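Beneath this line is the structure, given in structure tokens, with notes to follow.
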Amino acid sequence: METNPLLATDRLPEFSTIKPEHVEPALTYTLNANRERLEKLFAEGEGQDGGEAANFETAILPLEELGDRLSRVWGPISHLHAVMNSPELRAVYNKCLPALSRYQTELAQDTRLWHLYQKVSESLSGAENSPAASVVSHALRDFRLAGVDLPEAKKQQFKALIEELARLSARFDQNVLDSMAAWSYHETQPAHLAGLPTSTMEQAAQNARDKSLDGWLFRLDQPTYTAFVTHAENRDLRRRLYRAWMTRASDQAASERVPSDQSKADFDNTATIERILELRHEAAGLVGFDQFAAFSLASKMADSVTDVIGFLTDLADKSRTAARRELAELETFAGEPLSAWDIAYWSEKLREARYSISDEQLRPYLPLDRVLEGMFEVVHRLYGLVATQVDGIDVWHEDVRYFELTTADGTVIGGFYTDLFARPDKRSGAWMDECVCRKDIAGHLARPVAHLVCNFAAATGSMPSLLTHNDVVTLFHEFGHTLHHLLTRVEYPSVSGINGVPWDAVELPSQFMENFAWEPDVLQMISGHYQSGEPLPDVLLEKLQASRTFHAGLHMVRQLELAIFDLRLHAEFNPQTGSDFKALLDEVRAQVAVIEQPEFNRFVHAFSHIFAGGYAAGYYSYKWAEVLAADAWSAFKEQGIFDQ
């Protein structure tokens, strides 16, 4: 065990040395050690049914340490599963999930711990707003949500449901990844690829060379999909990529290159979705909720499903007229009715015609390194902090970099890894995840460390990684989450950083940070032509700003469609009839959407936010937190965007 890198929890993970064979022994050792330590704490009387001597320092802080130790062991495993997936890692990851889930539910249902926290809660009377009180109150809520007071048989039933849900969520994500990896498009005729960005073509040419093929080989990743539907002049090709993306992990999957030992049906998430919904509904019912949506809201800001539906419906009513008008204008501009795979292409054409600006005009001015440098300058002006790249840190891929965030006098606040380019073995999308949580217990300080992950187009042989402005907004968004994690002053891991924050508020810092990516002063800081170094010309800057609300109605109703669907899906599930989620989505689209989707659209089968992430009955959080972020940003617009 001494040589298992996952057990070296007193320093940054040694990613390059972690092997699949390390995973199960490290997790088993840690779970057993935590159980033994917990029993020892009770045997010593520190936790005996919340004895008279129980207080936060002696009773709760040791439990915080146990949770942090487990997080430091499992965190690198979970992270590598998302960014460097392999059959070997996946197999052991799936094998370990039930044991991890079992342990977590076991603690959440332990009546001894429940009574202990209740006793400590009484001792914190008068300090309800303290971090310590937050630790305790959140734990008491989670005990209730895990069925701590259920009869033993129902506790075991709940535990089994949660274990199966963990397995199914992992399977959902893996099916999406596999479905994407199973698809490719090989082309040898350049005329068929007219309109595609140079960076997309160069990457595809390299893919082809790697496979000893002529021409271009395109993979199904986010940069490639976006490039095709936004820029490909060939309408059939736009439809081809749209279909491939919108049928991932479904019965309609458009796989053109499937491993010989698997069929497209192996990646179909239909049954997985139904089973996840069934299990969530059953688990919520066991702990006293009529449906999973109410269970989900028990740990959020919003008071009820009715309140959230009302909020979303009101937004939809106010937005749909604008969205209809925008679509009508777009079709008039195109001169024909448009299909779903035409929208991005003609939107880009209309934006260019209306504002004389396009992604490809902006991209040369937004090389990744310059954008990062400017974004770090924003943080310096706002918080007086300096972000500096640190070499020699062990990483999982050659593209990964590590940065430290320090005060002006060199005091380290925390650190973060950046992993910013798309790869076949990497989950799509963009996210921030914790690597190390801030902790300062008994004089032992652990500074927070984050993972900042995106899926941008990588550098090619002739040019660096060049971002679209939408990429820049995404980067600022995820860096907002990163700052939320790093700038915490809370000393207890279970409520430091993003932990303990209601999920419908967790997007506030990220959406707040997006605003900076549109500001003239910031755009000058983050831009510099990759050849000349010239910042974004004033004329382009003005046009970009003028285009900020372009198709805001269409974007709004798309997000509302997903949010309403997610909430209703979890609020209206009927175990006797199942979800019929396709029919529900059609109904929500009829209510909210203005773009007609083709029959083959199976977006839900890759909706990882709600089936493999933390957004189940919580996707509305993006719009909920956007209101909060807008309120916060208005103060900065009044006082100055760099007002500390």
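Every chain in the structure tokens has a letter given in the order shown (A, B, ...), and although residue numbers restart at 1 in each chain, ligands are simply numbered from 1 in the order shown.
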Please provide as a PDB file with C-alpha atoms, in the first residue's frame all residues within 9 Å of A:Glu373, with the sequence filter that same-chain residues fewer than 3 positions apart are discarded (counting only C-alpha atoms).
```
ATOM      1  CA  LEU A 368      -5.821  30.791 -26.209  1.00  0.00           C
ATOM      2  CA  ASP A 369      -2.664  31.955 -24.443  1.00  0.00           C
ATOM      3  CA  ARG A 370      -3.544  35.617 -24.956  1.00  0.00           C
ATOM      4  CA  PHE A 376      -5.758  36.448 -15.356  1.00  0.00           C
ATOM      5  CA  GLU A 377      -5.315  40.228 -15.547  1.00  0.00           C
ATOM      6  CA  VAL A 378      -9.043  40.613 -14.809  1.00  0.00           C
ATOM      7  CA  ALA A 387      -1.989  33.518 -11.665  1.00  0.00           C
ATOM      8  CA  MET A 525      -6.865  42.707 -22.601  1.00  0.00           C
ATOM      9  CA  ILE A 526      -7.741  39.228 -23.870  1.00  0.00           C
TER      10      ILE A 526
END
```
Residues of stretch 353-592 of chain A in helix (DSSP H, G or I) according to DSSP, as a ChimeraX atom specification? /A:353-355,359-365,368-383,469-486,493-495,508-518,520-526,538-546,552-571,581-592
Let's have the selection written as a short mmCIF file (atom, residue, chain, number, x, y, z; two decimals), in the first residue's frame, with C-alpha atoms.
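selection15.cif, written as the output of this step:
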```cif
data_model
loop_
_atom_site.label_atom_id
_atom_site.label_comp_id
_atom_site.auth_asym_id
_atom_site.auth_seq_id
_atom_site.Cartn_x
_atom_site.Cartn_y
_atom_site.Cartn_z
CA ALA A 353 -24.53 40.53 -42.68
CA ARG A 354 -26.14 42.54 -39.89
CA TYR A 355 -23.06 43.32 -37.81
CA ASP A 359 -16.51 33.80 -35.70
CA GLU A 360 -13.78 33.45 -38.29
CA GLN A 361 -13.06 37.18 -38.22
CA LEU A 362 -12.70 37.10 -34.46
CA ARG A 363 -10.84 33.82 -34.06
CA PRO A 364 -7.36 35.09 -35.18
CA TYR A 365 -7.56 37.75 -32.46
CA LEU A 368 -5.82 30.79 -26.21
CA ASP A 369 -2.66 31.95 -24.44
CA ARG A 370 -3.54 35.62 -24.96
CA VAL A 371 -7.08 35.03 -23.69
CA LEU A 372 -5.73 33.29 -20.57
CA GLU A 373 -3.27 36.11 -19.95
CA GLY A 374 -6.03 38.70 -20.20
CA MET A 375 -8.42 36.69 -18.04
CA PHE A 376 -5.76 36.45 -15.36
CA GLU A 377 -5.31 40.23 -15.55
CA VAL A 378 -9.04 40.61 -14.81
CA VAL A 379 -8.55 38.53 -11.66
CA HIS A 380 -5.52 40.62 -10.72
CA ARG A 381 -7.49 43.86 -10.99
CA LEU A 382 -10.53 42.50 -9.16
CA TYR A 383 -8.85 40.57 -6.37
CA HIS A 469 -15.88 34.37 -28.75
CA ASN A 470 -18.35 31.75 -27.53
CA ASP A 471 -15.33 29.68 -26.43
CA VAL A 472 -14.06 32.72 -24.54
CA VAL A 473 -17.40 33.09 -22.74
CA THR A 474 -17.24 29.38 -21.83
CA LEU A 475 -13.72 29.79 -20.46
CA PHE A 476 -14.73 32.78 -18.33
CA HIS A 477 -17.77 30.80 -17.11
CA GLU A 478 -15.70 27.85 -15.94
CA PHE A 479 -13.10 30.15 -14.44
CA GLY A 480 -15.91 31.69 -12.40
CA HIS A 481 -16.55 28.25 -10.91
CA THR A 482 -12.79 27.87 -10.38
CA LEU A 483 -12.60 31.16 -8.47
CA HIS A 484 -15.61 30.12 -6.39
CA HIS A 485 -13.68 27.02 -5.36
CA LEU A 486 -10.32 28.75 -4.80
CA PRO A 493 -14.18 20.74 3.34
CA SER A 494 -17.85 19.77 3.36
CA VAL A 495 -18.92 23.43 3.02
CA LEU A 508 -23.96 32.58 -9.94
CA PRO A 509 -20.16 33.16 -9.96
CA SER A 510 -19.74 31.50 -13.35
CA GLN A 511 -22.48 33.48 -15.07
CA PHE A 512 -21.29 36.65 -13.34
CA MET A 513 -17.81 36.14 -14.84
CA GLU A 514 -19.23 35.73 -18.36
CA ASN A 515 -20.05 39.45 -18.37
CA PHE A 516 -16.38 40.41 -18.37
CA ALA A 517 -15.87 38.63 -21.70
CA TRP A 518 -18.09 41.25 -23.36
CA PRO A 520 -14.48 46.66 -24.11
CA ASP A 521 -11.67 47.03 -21.57
CA VAL A 522 -11.50 43.28 -21.08
CA LEU A 523 -11.75 42.48 -24.79
CA GLN A 524 -8.67 44.63 -25.34
CA MET A 525 -6.87 42.71 -22.60
CA ILE A 526 -7.74 39.23 -23.87
CA ASP A 538 -12.28 49.02 -32.26
CA VAL A 539 -14.58 48.47 -35.21
CA LEU A 540 -14.75 44.71 -34.56
CA LEU A 541 -15.10 45.28 -30.84
CA GLU A 542 -18.09 47.54 -31.38
CA LYS A 543 -19.68 45.06 -33.75
CA LEU A 544 -19.17 42.21 -31.30
CA GLN A 545 -20.83 44.19 -28.52
CA ALA A 546 -23.70 45.14 -30.81
CA ALA A 552 -31.27 36.04 -27.45
CA GLY A 553 -34.87 34.87 -27.75
CA LEU A 554 -33.90 31.66 -29.56
CA HIS A 555 -31.17 30.95 -27.01
CA MET A 556 -33.53 31.65 -24.12
CA VAL A 557 -36.34 29.34 -25.27
CA ARG A 558 -33.84 26.53 -25.91
CA GLN A 559 -32.63 26.69 -22.30
CA LEU A 560 -36.20 26.95 -21.01
CA GLU A 561 -37.19 23.92 -23.09
CA LEU A 562 -34.50 21.85 -21.34
CA ALA A 563 -35.25 23.23 -17.89
CA ILE A 564 -39.01 22.68 -18.08
CA PHE A 565 -38.54 19.21 -19.58
CA ASP A 566 -36.12 18.23 -16.81
CA LEU A 567 -38.38 19.44 -14.01
CA ARG A 568 -41.57 17.95 -15.42
CA LEU A 569 -39.80 14.69 -16.22
CA HIS A 570 -38.94 14.27 -12.54
CA ALA A 571 -42.17 15.77 -11.17
CA PHE A 581 -39.89 11.03 -22.10
CA LYS A 582 -39.98 11.53 -25.87
CA ALA A 583 -43.68 12.41 -25.78
CA LEU A 584 -43.08 14.75 -22.84
CA LEU A 585 -40.27 16.51 -24.68
CA ASP A 586 -42.53 16.91 -27.72
CA GLU A 587 -45.17 18.46 -25.47
CA VAL A 588 -42.70 20.87 -23.87
CA ARG A 589 -41.34 21.83 -27.29
CA ALA A 590 -44.86 22.56 -28.49
CA GLN A 591 -45.26 24.88 -25.50
CA VAL A 592 -41.87 26.62 -25.57
#
```
Hey, what's within 6 Å of A:His451 if we count only C-alpha atoms and toss same-chain stuff fewer than 4 positions away? As a ChimeraX atom specification, please? /A:416-417,432-433
Using only all heavy atoms, please write the residues we just selected to a file, as a PDB file, in the first residue's frame.
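The resulting again36.pdb:
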```
ATOM      1  N   PHE A 416      -4.790  25.516  -9.875  1.00  0.00           N
ATOM      2  CA  PHE A 416      -5.748  24.882 -10.780  1.00  0.00           C
ATOM      3  C   PHE A 416      -5.027  24.324 -12.002  1.00  0.00           C
ATOM      4  O   PHE A 416      -4.039  24.875 -12.482  1.00  0.00           O
ATOM      5  CB  PHE A 416      -6.850  25.859 -11.209  1.00  0.00           C
ATOM      6  CG  PHE A 416      -6.370  27.119 -11.888  1.00  0.00           C
ATOM      7  CD1 PHE A 416      -6.370  27.227 -13.270  1.00  0.00           C
ATOM      8  CD2 PHE A 416      -5.938  28.207 -11.138  1.00  0.00           C
ATOM      9  CE1 PHE A 416      -5.946  28.380 -13.893  1.00  0.00           C
ATOM     10  CE2 PHE A 416      -5.509  29.375 -11.754  1.00  0.00           C
ATOM     11  CZ  PHE A 416      -5.514  29.465 -13.134  1.00  0.00           C
ATOM     12  N   TYR A 417      -5.542  23.176 -12.454  1.00  0.00           N
ATOM     13  CA  TYR A 417      -5.093  22.567 -13.691  1.00  0.00           C
ATOM     14  C   TYR A 417      -5.998  23.049 -14.822  1.00  0.00           C
ATOM     15  O   TYR A 417      -7.201  23.240 -14.624  1.00  0.00           O
ATOM     16  CB  TYR A 417      -5.209  21.046 -13.631  1.00  0.00           C
ATOM     17  CG  TYR A 417      -4.386  20.351 -12.566  1.00  0.00           C
ATOM     18  CD1 TYR A 417      -4.887  20.179 -11.271  1.00  0.00           C
ATOM     19  CD2 TYR A 417      -3.131  19.826 -12.865  1.00  0.00           C
ATOM     20  CE1 TYR A 417      -4.155  19.511 -10.306  1.00  0.00           C
ATOM     21  CE2 TYR A 417      -2.387  19.149 -11.898  1.00  0.00           C
ATOM     22  CZ  TYR A 417      -2.904  18.994 -10.619  1.00  0.00           C
ATOM     23  OH  TYR A 417      -2.190  18.325  -9.666  1.00  0.00           O
ATOM     24  N   MET A 432     -15.837  22.586 -14.212  1.00  0.00           N
ATOM     25  CA  MET A 432     -14.856  22.723 -13.151  1.00  0.00           C
ATOM     26  C   MET A 432     -15.138  21.646 -12.127  1.00  0.00           C
ATOM     27  O   MET A 432     -16.294  21.366 -11.829  1.00  0.00           O
ATOM     28  CB  MET A 432     -14.949  24.101 -12.489  1.00  0.00           C
ATOM     29  CG  MET A 432     -13.842  24.415 -11.468  1.00  0.00           C
ATOM     30  SD  MET A 432     -13.912  23.598  -9.848  1.00  0.00           S
ATOM     31  CE  MET A 432     -15.456  24.201  -9.199  1.00  0.00           C
ATOM     32  N   ASP A 433     -14.086  21.037 -11.618  1.00  0.00           N
ATOM     33  CA  ASP A 433     -14.255  20.054 -10.560  1.00  0.00           C
ATOM     34  C   ASP A 433     -13.176  20.287  -9.508  1.00  0.00           C
ATOM     35  O   ASP A 433     -12.100  20.827  -9.814  1.00  0.00           O
ATOM     36  CB  ASP A 433     -14.163  18.630 -11.120  1.00  0.00           C
ATOM     37  CG  ASP A 433     -14.782  17.605 -10.176  1.00  0.00           C
ATOM     38  OD1 ASP A 433     -15.361  18.008  -9.151  1.00  0.00           O
ATOM     39  OD2 ASP A 433     -14.671  16.406 -10.460  1.00  0.00           O
TER      40      ASP A 433
END
```
Residues near A:Phe56, cut-off 9 Å, only C-alpha atoms, skip fewer than 5 positions along chain, as a ChimeraX atom specification: /A:61,117,120-121,123-124,132,136
With N, CA, C and O atoms retained, write the just-selected residues as a PDB file, in the first residue's frame.
```pdb
ATOM      1  N   LEU A  61     -15.090  17.574  13.603  1.00  0.00           N
ATOM      2  CA  LEU A  61     -13.883  17.770  12.794  1.00  0.00           C
ATOM      3  C   LEU A  61     -13.195  16.460  12.404  1.00  0.00           C
ATOM      4  O   LEU A  61     -12.709  16.341  11.267  1.00  0.00           O
ATOM      5  N   TYR A 117     -24.755  14.652  15.481  1.00  0.00           N
ATOM      6  CA  TYR A 117     -24.914  15.966  14.850  1.00  0.00           C
ATOM      7  C   TYR A 117     -26.053  16.749  15.499  1.00  0.00           C
ATOM      8  O   TYR A 117     -25.979  17.977  15.634  1.00  0.00           O
ATOM      9  N   VAL A 120     -24.592  18.220  18.659  1.00  0.00           N
ATOM     10  CA  VAL A 120     -23.678  19.327  18.371  1.00  0.00           C
ATOM     11  C   VAL A 120     -24.454  20.547  17.881  1.00  0.00           C
ATOM     12  O   VAL A 120     -24.101  21.686  18.195  1.00  0.00           O
ATOM     13  N   SER A 121     -25.530  20.318  17.161  1.00  0.00           N
ATOM     14  CA  SER A 121     -26.347  21.426  16.684  1.00  0.00           C
ATOM     15  C   SER A 121     -26.876  22.255  17.849  1.00  0.00           C
ATOM     16  O   SER A 121     -26.892  23.489  17.795  1.00  0.00           O
ATOM     17  N   SER A 123     -25.436  22.649  20.661  1.00  0.00           N
ATOM     18  CA  SER A 123     -24.333  23.400  21.259  1.00  0.00           C
ATOM     19  C   SER A 123     -23.951  24.627  20.446  1.00  0.00           C
ATOM     20  O   SER A 123     -23.242  25.507  20.935  1.00  0.00           O
ATOM     21  N   LEU A 124     -24.412  24.682  19.179  1.00  0.00           N
ATOM     22  CA  LEU A 124     -24.077  25.814  18.310  1.00  0.00           C
ATOM     23  C   LEU A 124     -25.180  26.861  18.293  1.00  0.00           C
ATOM     24  O   LEU A 124     -25.162  27.764  17.454  1.00  0.00           O
ATOM     25  N   ALA A 132     -19.311  26.386  10.972  1.00  0.00           N
ATOM     26  CA  ALA A 132     -19.541  25.164  11.743  1.00  0.00           C
ATOM     27  C   ALA A 132     -21.023  24.800  11.750  1.00  0.00           C
ATOM     28  O   ALA A 132     -21.389  23.627  11.576  1.00  0.00           O
ATOM     29  N   VAL A 136     -23.045  21.354  10.177  1.00  0.00           N
ATOM     30  CA  VAL A 136     -23.978  20.524  10.940  1.00  0.00           C
ATOM     31  C   VAL A 136     -25.366  20.541  10.310  1.00  0.00           C
ATOM     32  O   VAL A 136     -26.010  19.491  10.161  1.00  0.00           O
TER      33      VAL A 136
END
```
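Pairwise distance (atom CA of A:Met84, atom CA of A:Asp425) equals 5.4 Å.
The shell of residues at most 12 Å from A:Trp503, with only C-alpha atoms counted and near chain neighbours (fewer than 6 positions) removed, consists of A:Ser296, A:Leu297, A:Ala298, A:Ser299, A:Lys300, A:Met301, A:Ala302, A:Gly613, A:Gly614, A:Tyr615, A:Ala616, A:Ala617, A:Gly618, A:Tyr619, A:Tyr620, A:Ser621, A:Tyr622, A:Lys623, A:Trp624, A:Ala625.
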Residues as selected, C-alpha atoms, written as a PDB file, in the first residue's frame, can you do that?
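Resulting contents of out_31.pdb:
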```
ATOM      1  CA  SER A 296     -34.195  17.501  -5.421  1.00  0.00           C
ATOM      2  CA  LEU A 297     -35.516  20.922  -4.361  1.00  0.00           C
ATOM      3  CA  ALA A 298     -35.145  20.031  -0.680  1.00  0.00           C
ATOM      4  CA  SER A 299     -31.489  21.090  -0.926  1.00  0.00           C
ATOM      5  CA  LYS A 300     -31.980  24.104  -3.219  1.00  0.00           C
ATOM      6  CA  MET A 301     -33.029  27.741  -2.866  1.00  0.00           C
ATOM      7  CA  ALA A 302     -36.363  27.363  -4.656  1.00  0.00           C
ATOM      8  CA  GLY A 613     -24.326  15.000 -13.499  1.00  0.00           C
ATOM      9  CA  GLY A 614     -25.730  16.956 -10.590  1.00  0.00           C
ATOM     10  CA  TYR A 615     -28.567  18.719 -12.394  1.00  0.00           C
ATOM     11  CA  ALA A 616     -31.450  16.237 -12.098  1.00  0.00           C
ATOM     12  CA  ALA A 617     -34.585  18.335 -11.523  1.00  0.00           C
ATOM     13  CA  GLY A 618     -32.116  21.207 -11.292  1.00  0.00           C
ATOM     14  CA  TYR A 619     -31.307  22.283 -14.828  1.00  0.00           C
ATOM     15  CA  TYR A 620     -33.441  25.350 -14.121  1.00  0.00           C
ATOM     16  CA  SER A 621     -30.497  26.472 -11.964  1.00  0.00           C
ATOM     17  CA  TYR A 622     -28.860  28.139 -14.962  1.00  0.00           C
ATOM     18  CA  LYS A 623     -31.767  30.538 -15.379  1.00  0.00           C
ATOM     19  CA  TRP A 624     -32.374  30.912 -11.641  1.00  0.00           C
ATOM     20  CA  ALA A 625     -28.737  31.838 -10.998  1.00  0.00           C
TER      21      ALA A 625
END
```
Atom-to-atom span, atom CA of A:Pro535 and atom CA of A:Glu202, Å: 25.1 Å
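Of the listed residues (A:Ala283, A:Val490, A:Leu116, A:Ile77), A:Ala283 comes nearest to A:Ala160; the distances count only C-alpha atoms.
For the set A:Ala629, A:Asp142, A:Arg219, A:Ser465, the residue with the smallest atom-to-atom gap to A:Val506 is A:Ala629, counting only C-alpha atoms.
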Enumerate, as a PDB file with N, CA and C atoms, in the first residue's frame, the complete set of residues in stretch 192-378 of chain A that a backbone-based DSSP assignment places in strand (DSSP E or B).
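Output file selection_8.pdb is given in full below:
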```
ATOM      1  N   TRP A 216      -9.289  13.748 -45.326  1.00  0.00           N
ATOM      2  CA  TRP A 216      -9.633  14.266 -44.005  1.00  0.00           C
ATOM      3  C   TRP A 216     -10.483  13.248 -43.242  1.00  0.00           C
ATOM      4  N   LEU A 217     -10.177  13.081 -41.980  1.00  0.00           N
ATOM      5  CA  LEU A 217     -10.956  12.182 -41.123  1.00  0.00           C
ATOM      6  C   LEU A 217     -11.501  13.005 -39.959  1.00  0.00           C
ATOM      7  N   PHE A 218     -12.815  13.104 -39.883  1.00  0.00           N
ATOM      8  CA  PHE A 218     -13.463  13.906 -38.844  1.00  0.00           C
ATOM      9  C   PHE A 218     -13.993  12.995 -37.747  1.00  0.00           C
ATOM     10  N   ARG A 219     -13.745  13.390 -36.512  1.00  0.00           N
ATOM     11  CA  ARG A 219     -14.294  12.686 -35.349  1.00  0.00           C
ATOM     12  C   ARG A 219     -15.485  13.469 -34.815  1.00  0.00           C
ATOM     13  N   PRO A 367      -6.198  34.010 -29.666  1.00  0.00           N
ATOM     14  CA  PRO A 367      -5.389  32.829 -29.363  1.00  0.00           C
ATOM     15  C   PRO A 367      -5.497  32.498 -27.881  1.00  0.00           C
TER      16      PRO A 367
END
```
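Distances to A:Thr105 were evaluated for A:Leu405, A:Leu161, A:Leu420, A:Leu366 using only C-alpha atoms, and the minimum falls at A:Leu161.
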